[in-house]
$ cat target.cif   # mmCIF, N, CA and C atoms and all ligand atoms
data_data
#
loop_
_atom_site.label_atom_id
_atom_site.label_comp_id
_atom_site.auth_asym_id
_atom_site.auth_seq_id
_atom_site.Cartn_x
_atom_site.Cartn_y
_atom_site.Cartn_z
N MET O 27 78.66 108.95 75.88
CA MET O 27 79.17 109.36 77.20
C MET O 27 79.42 108.12 78.04
N ASP O 28 80.67 107.86 78.33
CA ASP O 28 81.01 106.68 79.09
C ASP O 28 81.37 107.06 80.51
N THR O 29 80.38 107.40 81.28
CA THR O 29 80.65 107.83 82.66
C THR O 29 80.02 106.87 83.65
N GLY O 30 79.87 105.62 83.21
CA GLY O 30 79.24 104.63 84.08
C GLY O 30 80.11 104.25 85.26
N TYR O 31 79.49 103.54 86.16
CA TYR O 31 80.22 103.04 87.32
C TYR O 31 80.24 101.53 87.31
N ALA O 32 81.21 100.99 88.00
CA ALA O 32 81.31 99.55 88.11
C ALA O 32 81.69 99.22 89.55
N TYR O 33 81.35 98.02 89.95
CA TYR O 33 81.79 97.56 91.26
C TYR O 33 83.08 96.79 91.06
N VAL O 34 84.04 97.07 91.93
CA VAL O 34 85.31 96.38 91.83
C VAL O 34 85.60 95.65 93.14
N GLY O 35 86.29 94.53 93.01
CA GLY O 35 86.71 93.76 94.18
C GLY O 35 88.21 93.91 94.35
N ILE O 36 88.62 94.37 95.52
CA ILE O 36 90.03 94.67 95.75
C ILE O 36 90.60 93.77 96.86
N LEU O 37 91.73 93.17 96.57
CA LEU O 37 92.40 92.31 97.54
C LEU O 37 93.08 93.15 98.61
N PRO O 38 93.40 92.54 99.74
CA PRO O 38 94.11 93.27 100.81
C PRO O 38 95.42 93.89 100.32
N CYS O 39 96.04 93.30 99.30
CA CYS O 39 97.30 93.84 98.78
C CYS O 39 97.06 95.02 97.86
N GLY O 40 95.79 95.30 97.53
CA GLY O 40 95.48 96.46 96.70
C GLY O 40 95.17 96.15 95.26
N CYS O 41 95.28 94.90 94.87
CA CYS O 41 95.00 94.52 93.49
C CYS O 41 93.49 94.48 93.24
N CYS O 42 93.09 95.08 92.13
CA CYS O 42 91.70 95.03 91.71
C CYS O 42 91.52 93.81 90.83
N VAL O 43 90.91 92.77 91.34
CA VAL O 43 90.87 91.49 90.63
C VAL O 43 89.47 91.11 90.17
N ALA O 44 88.49 91.96 90.43
CA ALA O 44 87.13 91.63 90.02
C ALA O 44 86.39 92.90 89.63
N ILE O 45 85.60 92.78 88.57
CA ILE O 45 84.78 93.91 88.13
C ILE O 45 83.38 93.41 87.84
N ALA O 46 82.40 94.16 88.26
CA ALA O 46 81.01 93.84 87.91
C ALA O 46 80.34 95.12 87.44
N SER O 47 79.59 94.99 86.37
CA SER O 47 78.91 96.15 85.82
C SER O 47 77.80 96.64 86.74
N ASP O 48 77.64 97.92 86.78
CA ASP O 48 76.62 98.54 87.61
C ASP O 48 75.35 98.81 86.81
N LYS O 49 75.25 98.17 85.64
CA LYS O 49 74.08 98.42 84.79
C LYS O 49 72.82 97.82 85.41
N PRO O 50 71.69 98.46 85.18
CA PRO O 50 70.42 97.99 85.77
C PRO O 50 70.12 96.54 85.40
N GLU O 51 70.45 96.15 84.17
CA GLU O 51 70.11 94.78 83.76
C GLU O 51 70.97 93.73 84.46
N CYS O 52 71.99 94.19 85.18
CA CYS O 52 72.86 93.24 85.88
C CYS O 52 72.52 93.17 87.37
N LYS O 53 71.53 93.96 87.76
CA LYS O 53 71.23 94.08 89.18
C LYS O 53 70.95 92.75 89.87
N ASP O 54 70.24 91.87 89.17
CA ASP O 54 69.84 90.61 89.80
C ASP O 54 71.03 89.79 90.27
N VAL O 55 72.04 89.70 89.40
CA VAL O 55 73.18 88.88 89.75
C VAL O 55 74.20 89.65 90.58
N LEU O 56 74.07 90.96 90.56
CA LEU O 56 75.08 91.79 91.20
C LEU O 56 75.20 91.52 92.70
N ALA O 57 74.07 91.55 93.38
CA ALA O 57 74.10 91.36 94.84
C ALA O 57 74.73 90.03 95.19
N GLU O 58 74.36 89.00 94.43
CA GLU O 58 74.89 87.67 94.69
C GLU O 58 76.40 87.66 94.46
N GLU O 59 76.79 88.31 93.36
CA GLU O 59 78.20 88.35 92.99
C GLU O 59 79.02 89.09 94.05
N LEU O 60 78.52 90.24 94.47
CA LEU O 60 79.25 91.03 95.45
C LEU O 60 79.36 90.27 96.77
N GLY O 61 78.32 89.50 97.09
CA GLY O 61 78.37 88.70 98.30
C GLY O 61 79.50 87.70 98.26
N LYS O 62 79.69 87.11 97.06
CA LYS O 62 80.78 86.13 96.90
C LYS O 62 82.13 86.80 97.10
N TRP O 63 82.24 88.00 96.57
CA TRP O 63 83.52 88.72 96.69
C TRP O 63 83.86 88.95 98.15
N VAL O 64 82.85 89.40 98.89
CA VAL O 64 83.09 89.70 100.30
C VAL O 64 83.53 88.44 101.04
N LEU O 65 82.85 87.33 100.71
CA LEU O 65 83.22 86.07 101.35
C LEU O 65 84.64 85.66 100.98
N ALA O 66 85.07 86.06 99.78
CA ALA O 66 86.41 85.71 99.32
C ALA O 66 87.46 86.66 99.90
N GLY O 67 87.02 87.64 100.68
CA GLY O 67 87.97 88.53 101.33
C GLY O 67 88.27 89.80 100.55
N LEU O 68 87.46 90.05 99.51
CA LEU O 68 87.70 91.26 98.72
C LEU O 68 86.98 92.45 99.34
N THR O 69 87.56 93.61 99.15
CA THR O 69 86.89 94.85 99.53
C THR O 69 86.11 95.33 98.31
N VAL O 70 84.82 95.53 98.45
CA VAL O 70 84.00 95.94 97.32
C VAL O 70 83.86 97.47 97.32
N GLU O 71 84.18 98.06 96.17
CA GLU O 71 84.05 99.50 96.03
C GLU O 71 83.36 99.83 94.72
N ARG O 72 82.73 101.00 94.67
CA ARG O 72 82.08 101.45 93.45
C ARG O 72 82.98 102.50 92.83
N LYS O 73 83.41 102.23 91.61
CA LYS O 73 84.38 103.11 90.96
C LYS O 73 83.90 103.44 89.56
N PRO O 74 84.39 104.55 89.01
CA PRO O 74 84.10 104.84 87.60
C PRO O 74 84.64 103.72 86.72
N VAL O 75 83.92 103.41 85.66
CA VAL O 75 84.33 102.32 84.77
C VAL O 75 85.76 102.53 84.29
N GLU O 76 86.10 103.76 84.01
CA GLU O 76 87.46 104.05 83.53
C GLU O 76 88.51 103.62 84.55
N TRP O 77 88.23 103.91 85.81
CA TRP O 77 89.15 103.53 86.88
C TRP O 77 89.28 102.01 86.91
N ALA O 78 88.15 101.35 86.82
CA ALA O 78 88.14 99.88 86.89
C ALA O 78 88.96 99.29 85.76
N ARG O 79 88.76 99.83 84.56
CA ARG O 79 89.50 99.31 83.41
C ARG O 79 91.00 99.53 83.57
N ALA O 80 91.36 100.67 84.11
CA ALA O 80 92.77 101.02 84.23
C ALA O 80 93.47 100.21 85.32
N ASN O 81 92.70 99.81 86.34
CA ASN O 81 93.33 99.17 87.49
C ASN O 81 93.12 97.66 87.58
N PHE O 82 92.25 97.13 86.73
CA PHE O 82 91.98 95.70 86.77
C PHE O 82 93.23 94.93 86.38
N ARG O 83 93.63 93.99 87.20
CA ARG O 83 94.80 93.19 86.88
C ARG O 83 94.80 91.92 87.72
N GLU O 84 95.65 91.01 87.32
CA GLU O 84 95.79 89.80 88.10
C GLU O 84 96.72 90.08 89.26
N CYS O 85 96.40 89.50 90.39
CA CYS O 85 97.27 89.69 91.54
C CYS O 85 98.54 88.88 91.37
N THR O 86 99.66 89.54 91.56
CA THR O 86 100.94 88.83 91.45
C THR O 86 101.60 88.70 92.82
N HIS O 87 100.84 89.09 93.84
CA HIS O 87 101.44 89.09 95.18
C HIS O 87 101.26 87.77 95.91
N LYS O 88 100.28 87.02 95.46
CA LYS O 88 99.90 85.77 96.14
C LYS O 88 100.58 85.58 97.48
N ALA O 89 99.85 85.76 98.50
CA ALA O 89 100.39 85.64 99.86
C ALA O 89 101.31 84.45 99.99
N ALA O 90 102.51 84.70 100.40
CA ALA O 90 103.47 83.62 100.57
C ALA O 90 102.97 82.64 101.61
N PRO O 91 102.99 81.37 101.27
CA PRO O 91 102.51 80.37 102.25
C PRO O 91 103.42 80.33 103.46
N LYS O 92 102.79 80.20 104.60
CA LYS O 92 103.59 80.13 105.82
C LYS O 92 104.39 78.84 105.82
N PRO O 93 105.64 78.91 106.19
CA PRO O 93 106.45 77.68 106.22
C PRO O 93 105.86 76.69 107.21
N ASP O 94 105.82 75.47 106.77
CA ASP O 94 105.29 74.44 107.66
C ASP O 94 106.24 74.23 108.83
N ARG O 95 105.70 74.39 109.99
CA ARG O 95 106.55 74.18 111.15
C ARG O 95 106.44 72.70 111.52
N PRO O 96 107.57 72.04 111.57
CA PRO O 96 107.49 70.61 111.90
C PRO O 96 106.92 70.42 113.30
N GLN O 97 106.05 69.46 113.40
CA GLN O 97 105.46 69.21 114.71
C GLN O 97 106.40 68.32 115.51
N LEU O 98 106.75 68.82 116.68
CA LEU O 98 107.75 68.11 117.48
C LEU O 98 107.09 67.26 118.56
N PHE O 99 106.49 66.19 118.09
CA PHE O 99 105.93 65.28 119.09
C PHE O 99 107.06 64.38 119.58
N PRO O 100 106.98 64.00 120.80
CA PRO O 100 108.01 63.04 121.30
C PRO O 100 107.91 61.74 120.52
N ALA O 101 109.06 61.21 120.16
CA ALA O 101 109.07 59.96 119.42
C ALA O 101 108.39 58.87 120.23
N PRO O 102 107.54 58.11 119.57
CA PRO O 102 106.85 57.03 120.31
C PRO O 102 107.85 55.99 120.78
N ALA O 103 107.67 55.58 121.99
CA ALA O 103 108.57 54.57 122.55
C ALA O 103 108.36 53.25 121.82
N GLU O 104 109.45 52.64 121.43
CA GLU O 104 109.33 51.36 120.72
C GLU O 104 109.39 50.19 121.68
N GLY O 105 108.60 49.23 121.40
CA GLY O 105 108.57 48.04 122.24
C GLY O 105 108.13 48.38 123.65
N ALA O 106 108.55 47.64 124.63
CA ALA O 106 108.18 47.90 126.00
C ALA O 106 109.27 47.42 126.96
ZN ZN R 1 98.10 91.61 94.77
#

$ encode --input "target.cif" --output "structure tokens"
Amino acid sequence: MDTGYAYVGILPCGCCVAIASDKPECKDVLAEELGKWVLAGLTVERKPVEWARANFRECTHKAAPKPDRPQLFPAPAEGA
């Protein structure tokens, strides 16, 4: 019977990019791991293992970097 649950980390774009087992033997590292996910900006949810397997994927959305806006400082006066 494979009705276990897993913790998944979901990006703001909806991609499930992290999975952690909900097994008792993983409990020690789990809290630490989930803490890292939250710090990384992931939404942590508890899902059926089947859901996690079906939705786990690499994010292909990678937030487009904001274009660098040139800084318009006044040109330094040359000489005196
Ligand atoms: Zn994505």

$ residues_near_ligand --input "target.cif" --ligand "ligand ZN 1 (chain R)" --cutoff "5 Å" --atoms "only N, CA and C atoms and all ligand atoms" --output "compact mmCIF listing (two decimals) with N, CA and C atoms, keeping the file's coordinate frame"
# COMPACT_ATOMS: atom_id res chain seq x y z
N CYS O 39 96.04 93.30 99.30
CA CYS O 39 97.30 93.84 98.78
C CYS O 39 97.06 95.02 97.86
N CYS O 41 95.28 94.90 94.87
CA CYS O 41 95.00 94.52 93.49
C CYS O 41 93.49 94.48 93.24
N CYS O 85 96.40 89.50 90.39
CA CYS O 85 97.27 89.69 91.54
C CYS O 85 98.54 88.88 91.37
N THR O 86 99.66 89.54 91.56
CA THR O 86 100.94 88.83 91.45
C THR O 86 101.60 88.70 92.82
N HIS O 87 100.84 89.09 93.84
CA HIS O 87 101.44 89.09 95.18
C HIS O 87 101.26 87.77 95.91

$ atom_distance --input "target.cif" --atom1 "atom N of Thr69 (chain O)" --atom2 "CA of Val34 (chain O)"
8.1 Å

$ closest_residue --input "target.cif" --among "O:Arg83, O:Asp54, O:Val64, O:Arg72" --to "Cys42 (chain O)" --atoms "only N, CA and C atoms"
O:Arg83

$ closest_residue --input "target.cif" --among "O:Glu84, O:Glu58, O:Glu71, O:Glu76" --to "Val43 (chain O)" --atoms "only N, CA and C atoms"
O:Glu84

$ closest_residue --input "target.cif" --among "O:Ala80, O:Leu68, O:Cys52, O:Val75" --to "Ala32 (chain O)" --atoms "only N, CA and C atoms"
O:Val75

$ axis_aligned_box --input "target.cif" --around "region 58-65 of chain O" --padding-each-side "3 Å" --output "lines of an AutoDock Vina configuration file"
center_x = 79.5
center_y = 88.3
center_z = 97.2
size_x = 16.3
size_y = 11.4
size_z = 14.4

$ closest_residue --input "target.cif" --among "O:Gly61, O:Ala66, O:Phe82, O:Tyr31" --to "Lys49 (chain O)" --atoms "only N, CA and C atoms"
O:Tyr31

$ atom_distance --input "target.cif" --atom1 "atom C of Leu65 (chain O)" --atom2 "CA of Gly35 (chain O)"
10.8 Å

$ atom_distance --input "target.cif" --atom1 "atom N of Leu56 (chain O)" --atom2 "atom N of Trp77 (chain O)"
19.8 Å
